[in-house]
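Enquirer: Would you mind keeping the following structure in view while I ask a few things?
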Amino acid sequence: VPTFPVVLTFDVDGETMWLNRDPASVDQPITMSQGRYGPTVGLPRILALLDSEDIRATFFVPGWIADHYPDAVAEIGQRGHEVAHHGYRHEWPQRLDPEEEQALLLRGIEAIRAVVGYQPVGYRAPGWELSPTTLSLLVRHGFRYSSNFMDRDGPYVHDQEPIVELPVSWSLADSTFFRYGMQLPGARMATNDEAVSIWCGELDALSAEDACLVLTLHPELSGRPYRLAALRAFIEYARRKPGIRFVRAIDLADEVSPHPRPPVLDSMERAP
Ligand SMILES: [Zn+2]
């Protein structure tokens with residue numbers, strides 16, 4: 001019986017969300033504190049919820065976060081979740097030249113490997129925007145999937161490169177509804193009900209198709225006590241529907257990938 005895959009993903013932006021927009025943010029204690037809430041407060045709360053729900057998820061981590069919060073990022077891996085790549089300091093690839101982009105990709109790989117012990121094989125671009133050469137760069141450096149494109153409902157293999165895509169959508173994110181900051185003109189906040197209504201409506205519609213649902217959340221947003229209730233409500237709604245399974249991005253990508261999964265990734269599995 002085919003089941004419908006739901007992938008919970010968390011982009012652990014922390015301070016890098018602001019450092020990338022404006023390096024001078026490093027001298028702005030309150031802006032930094034807004035980011036710091038993610039890895040220090042929101043992340044443990046999310047990990048506890050996932051444990052209690054027995055769900056394994058995927059965390060896209062900027063290398064800067066792995067360097068500055070190694071214990072927090074190691075904890076993600078130790079609980080059986082996947083740690084994947086999210087830039088070094090949340091740089092937007094479309095603003096980098098090819099040499100810079102490759103150097104930052106490698107720096108992010110090494111930062112994650114140093115903490116979790118394996119090379120990340122999934123990539124989500126900060127800001128969900130690639131450069132024209134990102135896909136080929138990912139293939140060259142051993143990545144198995146991208147989770148950035150918005151052109152289909154379900155997982156697929158790119159035509160131009162042998163790499164899996166796990167599509168995303170602005171409607172399947174928390175930042176669309178919850179992100180606010182003085183540096184983000186026009187940002188508004190929505191109630192949990194608005195977000196949960198859209199996420200659950202997406203689930204109803206997508207699960208009737210040959211598709212998947214990739215939800216993109218941020219510990220600094222969805223890790224707040226009130227916002228966590230939105231995630232909990234979505235999980236409960238999904239659990240009440242027949243035929244829904246929660247999977248990590250790597251596991252869904254493996255179902256589609258033209259290449260067998262390298263044994264080195266066994267270290268990603270939860271310890272018995
Ligand atoms: Zn991000």
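Just so we're on the same page: first chain in the structure tokens is A, next is B, and so on; residues restart at 1 for each chain, and ligands are numbered from 1 in the order they show up.
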Please provide as a PyMOL selection string all residues within 8 Å of Ile55 (chain A), with the sequence filter that same-chain residues fewer than 4 positions apart are discarded (counting only C-alpha atoms).

Expert: chain A and resi 50-51+246-247

Enquirer: Let's have the selection written as an mmCIF file, in the first residue's frame, with N, CA, C and O atoms.

Expert:
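Once written, again_18.cif looks like this:
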data_model
loop_
_atom_site.group_PDB
_atom_site.id
_atom_site.type_symbol
_atom_site.label_atom_id
_atom_site.label_comp_id
_atom_site.auth_asym_id
_atom_site.auth_seq_id
_atom_site.Cartn_x
_atom_site.Cartn_y
_atom_site.Cartn_z
ATOM 1 N N LEU A 50 9.854 16.037 18.842
ATOM 2 C CA LEU A 50 10.062 14.965 17.861
ATOM 3 C C LEU A 50 10.293 13.631 18.561
ATOM 4 O O LEU A 50 9.808 12.591 18.111
ATOM 5 N N ASP A 51 11.024 13.653 19.672
ATOM 6 C CA ASP A 51 11.221 12.422 20.450
ATOM 7 C C ASP A 51 9.885 11.882 20.953
ATOM 8 O O ASP A 51 9.603 10.689 20.839
ATOM 9 N N PHE A 246 5.979 9.796 8.313
ATOM 10 C CA PHE A 246 6.988 10.837 8.474
ATOM 11 C C PHE A 246 8.358 10.238 8.148
ATOM 12 O O PHE A 246 8.732 9.196 8.694
ATOM 13 N N VAL A 247 9.094 10.878 7.264
ATOM 14 C CA VAL A 247 10.412 10.392 6.863
ATOM 15 C C VAL A 247 11.405 11.549 6.846
ATOM 16 O O VAL A 247 11.018 12.710 6.716
#

Enquirer: Neighbours of His259 (chain A) within 12 Å (only C-alpha atoms; same-chain residues fewer than 3 positions away dropped), as a PyMOL selection string?

Expert: chain A and resi 139+142-145+157+162-164+253-256+262

Enquirer: Can you write just those residues out, N, CA, C and O atoms, as a short mmCIF file (atom, residue, chain, number, x, y, z; two decimals), in the first residue's frame?

Expert:
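again-v9.cif, freshly written:
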data_model
loop_
_atom_site.label_atom_id
_atom_site.label_comp_id
_atom_site.auth_asym_id
_atom_site.auth_seq_id
_atom_site.Cartn_x
_atom_site.Cartn_y
_atom_site.Cartn_z
N VAL A 139 26.47 18.12 -7.17
CA VAL A 139 26.78 16.78 -7.69
C VAL A 139 28.28 16.52 -7.57
O VAL A 139 28.70 15.44 -7.13
N GLY A 142 29.23 15.41 -4.04
CA GLY A 142 28.65 14.23 -3.42
C GLY A 142 27.27 14.38 -2.82
O GLY A 142 26.82 13.51 -2.07
N PHE A 143 26.58 15.47 -3.13
CA PHE A 143 25.24 15.62 -2.58
C PHE A 143 24.25 14.72 -3.34
O PHE A 143 24.38 14.50 -4.54
N ARG A 144 23.27 14.21 -2.58
CA ARG A 144 22.28 13.29 -3.16
C ARG A 144 20.95 13.98 -3.45
O ARG A 144 20.15 13.49 -4.24
N TYR A 145 20.68 15.07 -2.75
CA TYR A 145 19.42 15.76 -3.03
C TYR A 145 19.53 17.24 -2.72
O TYR A 145 20.37 17.69 -1.94
N VAL A 157 14.02 13.48 -10.09
CA VAL A 157 15.44 13.63 -10.40
C VAL A 157 15.56 14.75 -11.44
O VAL A 157 14.83 14.76 -12.44
N PRO A 162 22.30 14.56 -12.14
CA PRO A 162 21.79 13.37 -11.44
C PRO A 162 21.63 13.60 -9.95
O PRO A 162 22.37 13.06 -9.13
N ILE A 163 20.68 14.43 -9.61
CA ILE A 163 20.44 14.74 -8.20
C ILE A 163 18.94 14.86 -7.98
O ILE A 163 18.20 15.36 -8.83
N VAL A 164 18.50 14.35 -6.82
CA VAL A 164 17.07 14.33 -6.50
C VAL A 164 16.63 15.72 -6.03
O VAL A 164 17.39 16.44 -5.39
N ALA A 253 14.68 10.84 -0.48
CA ALA A 253 15.55 11.00 -1.66
C ALA A 253 16.06 9.64 -2.13
O ALA A 253 16.17 9.38 -3.33
N ASP A 254 16.40 8.77 -1.18
CA ASP A 254 16.91 7.45 -1.55
C ASP A 254 15.91 6.62 -2.35
O ASP A 254 16.28 5.76 -3.13
N GLU A 255 14.62 6.89 -2.12
CA GLU A 255 13.59 6.13 -2.85
C GLU A 255 13.57 6.53 -4.32
O GLU A 255 13.06 5.79 -5.16
N VAL A 256 14.09 7.70 -4.64
CA VAL A 256 14.02 8.24 -5.99
C VAL A 256 15.38 8.25 -6.66
O VAL A 256 15.49 8.21 -7.88
N PRO A 262 25.50 5.42 -0.22
CA PRO A 262 26.81 4.95 0.23
C PRO A 262 26.78 4.49 1.68
O PRO A 262 26.11 5.11 2.51
#

Enquirer: Within 8 Å of Trp92 (chain A), counting only C-alpha atoms, which residues show up once you throw out same-chain ones fewer than 5 positions away? Write them as a list in words, please.

Expert: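 Answer for this query is Gly87, Ala125, Pro126, Gly127, Glu129 and Leu130 of chain A.
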
Enquirer: Restrict the calculation to only C-alpha atoms and all ligand atoms, then for each residue of chain A with any atom at most 7 Å from an atom of ligand 1 give the closest atom pair and their distance in Å to one decimal, rows by chain and rising residue number, as a tab-separated table.

Expert:
residue	atom	partner	partner_atom_place_in_ligand_line	distance
A:Asp11	CA	ligand 1	1 (Zn)	5.2
A:Val12	CA	ligand 1	1 (Zn)	6.7
A:Asp13	CA	ligand 1	1 (Zn)	4.8
A:Met17	CA	ligand 1	1 (Zn)	6.3
A:His86	CA	ligand 1	1 (Zn)	6.6
A:His90	CA	ligand 1	1 (Zn)	6.2
A:Pro126	CA	ligand 1	1 (Zn)	4.5
A:Gly127	CA	ligand 1	1 (Zn)	5.9

Enquirer: Create the file for the chosen residues now, containing N, CA, C and O atoms and written as a compact mmCIF listing (two decimals), in the first residue's frame.

Expert:
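Wrote it out as part_32.txt, contents follow:
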# COMPACT_ATOMS: atom_id res chain seq x y z
N ASP A 11 15.35 24.57 9.37
CA ASP A 11 16.52 25.35 8.96
C ASP A 11 17.03 26.09 10.20
O ASP A 11 16.37 27.01 10.70
N VAL A 12 18.20 25.66 10.68
CA VAL A 12 18.70 26.16 11.96
C VAL A 12 19.51 27.44 11.72
O VAL A 12 20.73 27.49 11.91
N ASP A 13 18.83 28.48 11.29
CA ASP A 13 19.51 29.71 10.87
C ASP A 13 20.23 30.42 12.02
O ASP A 13 21.32 30.93 11.86
N MET A 17 20.98 34.12 9.98
CA MET A 17 19.88 34.76 9.25
C MET A 17 20.12 36.27 9.15
O MET A 17 19.85 36.90 8.14
N HIS A 86 23.24 23.99 4.86
CA HIS A 86 22.44 25.22 4.66
C HIS A 86 23.36 26.42 4.55
O HIS A 86 23.17 27.44 5.22
N HIS A 90 24.85 31.38 5.95
CA HIS A 90 23.55 31.68 5.35
C HIS A 90 23.67 32.58 4.12
O HIS A 90 22.76 33.37 3.81
N PRO A 126 20.19 28.84 1.55
CA PRO A 126 19.63 29.95 2.31
C PRO A 126 18.79 30.83 1.39
O PRO A 126 19.23 31.21 0.31
N GLY A 127 17.58 31.11 1.81
CA GLY A 127 16.71 31.94 0.99
C GLY A 127 16.08 31.20 -0.18
O GLY A 127 15.37 31.82 -0.98

Enquirer: Find the residue from A:Pro98, A:Pro155, A:Gly80, A:Pro70 that sits nearest to Arg113 (chain A); use only C-alpha atoms when measuring.

Expert: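 Nearest candidate to Arg113 (chain A) out of A:Pro98, A:Pro155, A:Gly80, A:Pro70: A:Pro70.
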
Enquirer: Which polymer residues have any atom within 12 Å of an atom of Ser222 (chain A), counting only C-alpha atoms, with same-chain residues fewer than 5 positions away left out, as a PDB file with C-alpha atoms, in the first residue's frame?

Expert:
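Done, and the output landed in selection_36.pdb:
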ATOM      1  CA  LEU A   8       9.627  17.806   8.606  1.00  0.00           C
ATOM      2  CA  THR A   9      12.644  20.023   7.950  1.00  0.00           C
ATOM      3  CA  PHE A  10      14.178  22.636  10.212  1.00  0.00           C
ATOM      4  CA  ASP A  11      16.524  25.346   8.962  1.00  0.00           C
ATOM      5  CA  VAL A  12      18.704  26.160  11.964  1.00  0.00           C
ATOM      6  CA  TYR A  37      17.017  31.784  20.514  1.00  0.00           C
ATOM      7  CA  GLY A  38      16.950  29.162  17.735  1.00  0.00           C
ATOM      8  CA  PRO A  39      19.884  26.900  18.588  1.00  0.00           C
ATOM      9  CA  VAL A  41      16.008  27.492  23.230  1.00  0.00           C
ATOM     10  CA  GLY A  42      13.908  26.553  20.215  1.00  0.00           C
ATOM     11  CA  LEU A  43      15.999  23.604  19.080  1.00  0.00           C
ATOM     12  CA  PRO A  44      15.899  21.596  22.351  1.00  0.00           C
ATOM     13  CA  ARG A  45      12.154  22.146  22.525  1.00  0.00           C
ATOM     14  CA  ILE A  46      11.687  20.859  18.971  1.00  0.00           C
ATOM     15  CA  LEU A  47      13.943  17.856  19.598  1.00  0.00           C
ATOM     16  CA  LEU A  49       8.633  17.155  20.637  1.00  0.00           C
ATOM     17  CA  ALA A 173       6.936  27.152   5.806  1.00  0.00           C
ATOM     18  CA  ASP A 174       6.748  28.956   9.127  1.00  0.00           C
ATOM     19  CA  SER A 175       8.751  32.006   8.032  1.00  0.00           C
ATOM     20  CA  THR A 176       5.946  33.076   5.680  1.00  0.00           C
ATOM     21  CA  PHE A 177       3.647  33.456   8.683  1.00  0.00           C
ATOM     22  CA  PHE A 178       5.840  33.997  11.743  1.00  0.00           C
ATOM     23  CA  ARG A 179       9.046  35.836  10.722  1.00  0.00           C
ATOM     24  CA  ASN A 192      -1.025  29.734  14.452  1.00  0.00           C
ATOM     25  CA  ALA A 195      -0.529  28.587   9.339  1.00  0.00           C
ATOM     26  CA  VAL A 196      -2.022  25.306  10.537  1.00  0.00           C
ATOM     27  CA  LEU A 215       7.455  21.433   5.693  1.00  0.00           C
ATOM     28  CA  THR A 216      10.178  24.046   6.276  1.00  0.00           C
ATOM     29  CA  LEU A 217      10.407  25.374   9.825  1.00  0.00           C
ATOM     30  CA  ARG A 227       4.406  28.456  17.837  1.00  0.00           C
ATOM     31  CA  LEU A 228       5.323  24.899  18.751  1.00  0.00           C
ATOM     32  CA  ALA A 229       1.610  24.291  19.219  1.00  0.00           C
ATOM     33  CA  ALA A 230       1.199  24.861  15.471  1.00  0.00           C
ATOM     34  CA  LEU A 231       3.664  22.094  14.669  1.00  0.00           C
ATOM     35  CA  ARG A 232       2.045  19.825  17.241  1.00  0.00           C
TER      36      ARG A 232
END

Enquirer: Determine the nearest neighbour of Leu137 (chain A) from the options A:His158, A:Arg224, A:Leu105, A:Asp153, counting only C-alpha atoms.

Expert: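 Closest to Leu137 (chain A) of all the choices is A:Leu105.
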
Enquirer: Could you find all residues in region 146-243 of chain A that DSSP calls strand (DSSP E or B) from the backbone, and write them as a list in words?

Expert: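 Written out, the strand (DSSP E or B) residues of region 146-243 of chain A are Ser146, Tyr156, Val157, Val164, Glu165, Ala173, Leu213, Val214, Leu215, Thr216 and Leu217 of chain A.
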
Enquirer: Output the selection as a tab-separated table (two decimals), in the first residue's frame - N, CA, C and O atoms for each residue.

Expert:
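Saved as again_15.tsv:
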chain	number	residue	atom	x	y	z
A	146	SER	N	18.63	17.98	-3.38
A	146	SER	CA	18.40	19.40	-3.15
A	146	SER	C	16.96	19.53	-2.65
A	146	SER	O	16.10	18.73	-3.03
A	156	TYR	N	11.59	14.23	-7.48
A	156	TYR	CA	11.98	13.87	-8.84
A	156	TYR	C	13.49	14.00	-8.98
A	156	TYR	O	14.16	14.55	-8.10
A	157	VAL	N	14.02	13.48	-10.09
A	157	VAL	CA	15.44	13.63	-10.40
A	157	VAL	C	15.56	14.75	-11.44
A	157	VAL	O	14.83	14.76	-12.44
A	164	VAL	N	18.50	14.35	-6.82
A	164	VAL	CA	17.07	14.33	-6.50
A	164	VAL	C	16.63	15.72	-6.03
A	164	VAL	O	17.39	16.44	-5.39
A	165	GLU	N	15.41	16.07	-6.34
A	165	GLU	CA	14.79	17.28	-5.80
A	165	GLU	C	13.62	16.91	-4.91
A	165	GLU	O	12.79	16.07	-5.29
A	173	ALA	N	5.82	26.61	5.03
A	173	ALA	CA	6.94	27.15	5.81
A	173	ALA	C	6.36	27.91	7.00
A	173	ALA	O	5.18	28.27	7.01
A	213	LEU	N	5.07	16.03	0.96
A	213	LEU	CA	4.92	17.32	1.64
A	213	LEU	C	6.19	17.58	2.44
A	213	LEU	O	6.54	16.78	3.32
A	214	VAL	N	6.88	18.64	2.08
A	214	VAL	CA	8.09	19.05	2.80
A	214	VAL	C	7.77	20.34	3.55
A	214	VAL	O	7.50	21.37	2.93
A	215	LEU	N	7.75	20.26	4.87
A	215	LEU	CA	7.45	21.43	5.69
A	215	LEU	C	8.78	22.05	6.15
A	215	LEU	O	9.65	21.34	6.65
A	216	THR	N	8.93	23.35	5.93
A	216	THR	CA	10.18	24.05	6.28
A	216	THR	C	9.96	24.97	7.47
A	216	THR	O	9.22	25.96	7.37
A	217	LEU	N	10.60	24.63	8.58
A	217	LEU	CA	10.41	25.37	9.82
A	217	LEU	C	11.76	25.85	10.35
A	217	LEU	O	12.80	25.41	9.89

Enquirer: Between CA of Leu19 (chain A) and CA of Pro62 (chain A), measure the distance and give it in Å to one decimal.

Expert: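 If I compute the distance from CA of Leu19 (chain A) to CA of Pro62 (chain A), I get 11.7 Å.
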
Enquirer: Find the residues around Ile76 (chain A) up to 8 Å (only C-alpha atoms counted), leave out those fewer than 5 positions away in its own chain, and share them as a list of chain:residue names.

Expert: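 Using only C-alpha atoms, the neighbours found are A:Leu47, A:Phe59, A:His81, A:Glu82, A:Val83.
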
Enquirer: From the DSSP assignment of the backbone, select every residue of region 26-155 of chain A that is alpha helix (DSSP H), and format the answer as an MDAnalysis selection string.

Expert: chainID A and resid 29:37 43:53 63:68 70:78 98:116 134:140

Enquirer: I need the residue nearest Arg152 (chain A) from this list: A:Pro263, A:Val115, A:Asp210, A:Phe4. Use only C-alpha atoms for the distance.

Expert: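 Comparing A:Pro263, A:Val115, A:Asp210, A:Phe4 against Arg152 (chain A), the winner is A:Asp210.
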
Enquirer: For a quick check of understanding, using only C-alpha atoms, which of A:Ala103, A:Thr16, A:Val73, A:Leu135 has the smallest distance to Gly117 (chain A)?

Expert: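 So, comparing all the options, the nearest one is A:Val73.
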
Enquirer: Work out how far CA of Leu221 (chain A) is from CA of Arg188 (chain A), in Å to one decimal.

Expert: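 Separating CA of Arg188 (chain A) from CA of Leu221 (chain A) is a distance of 13.3 Å.
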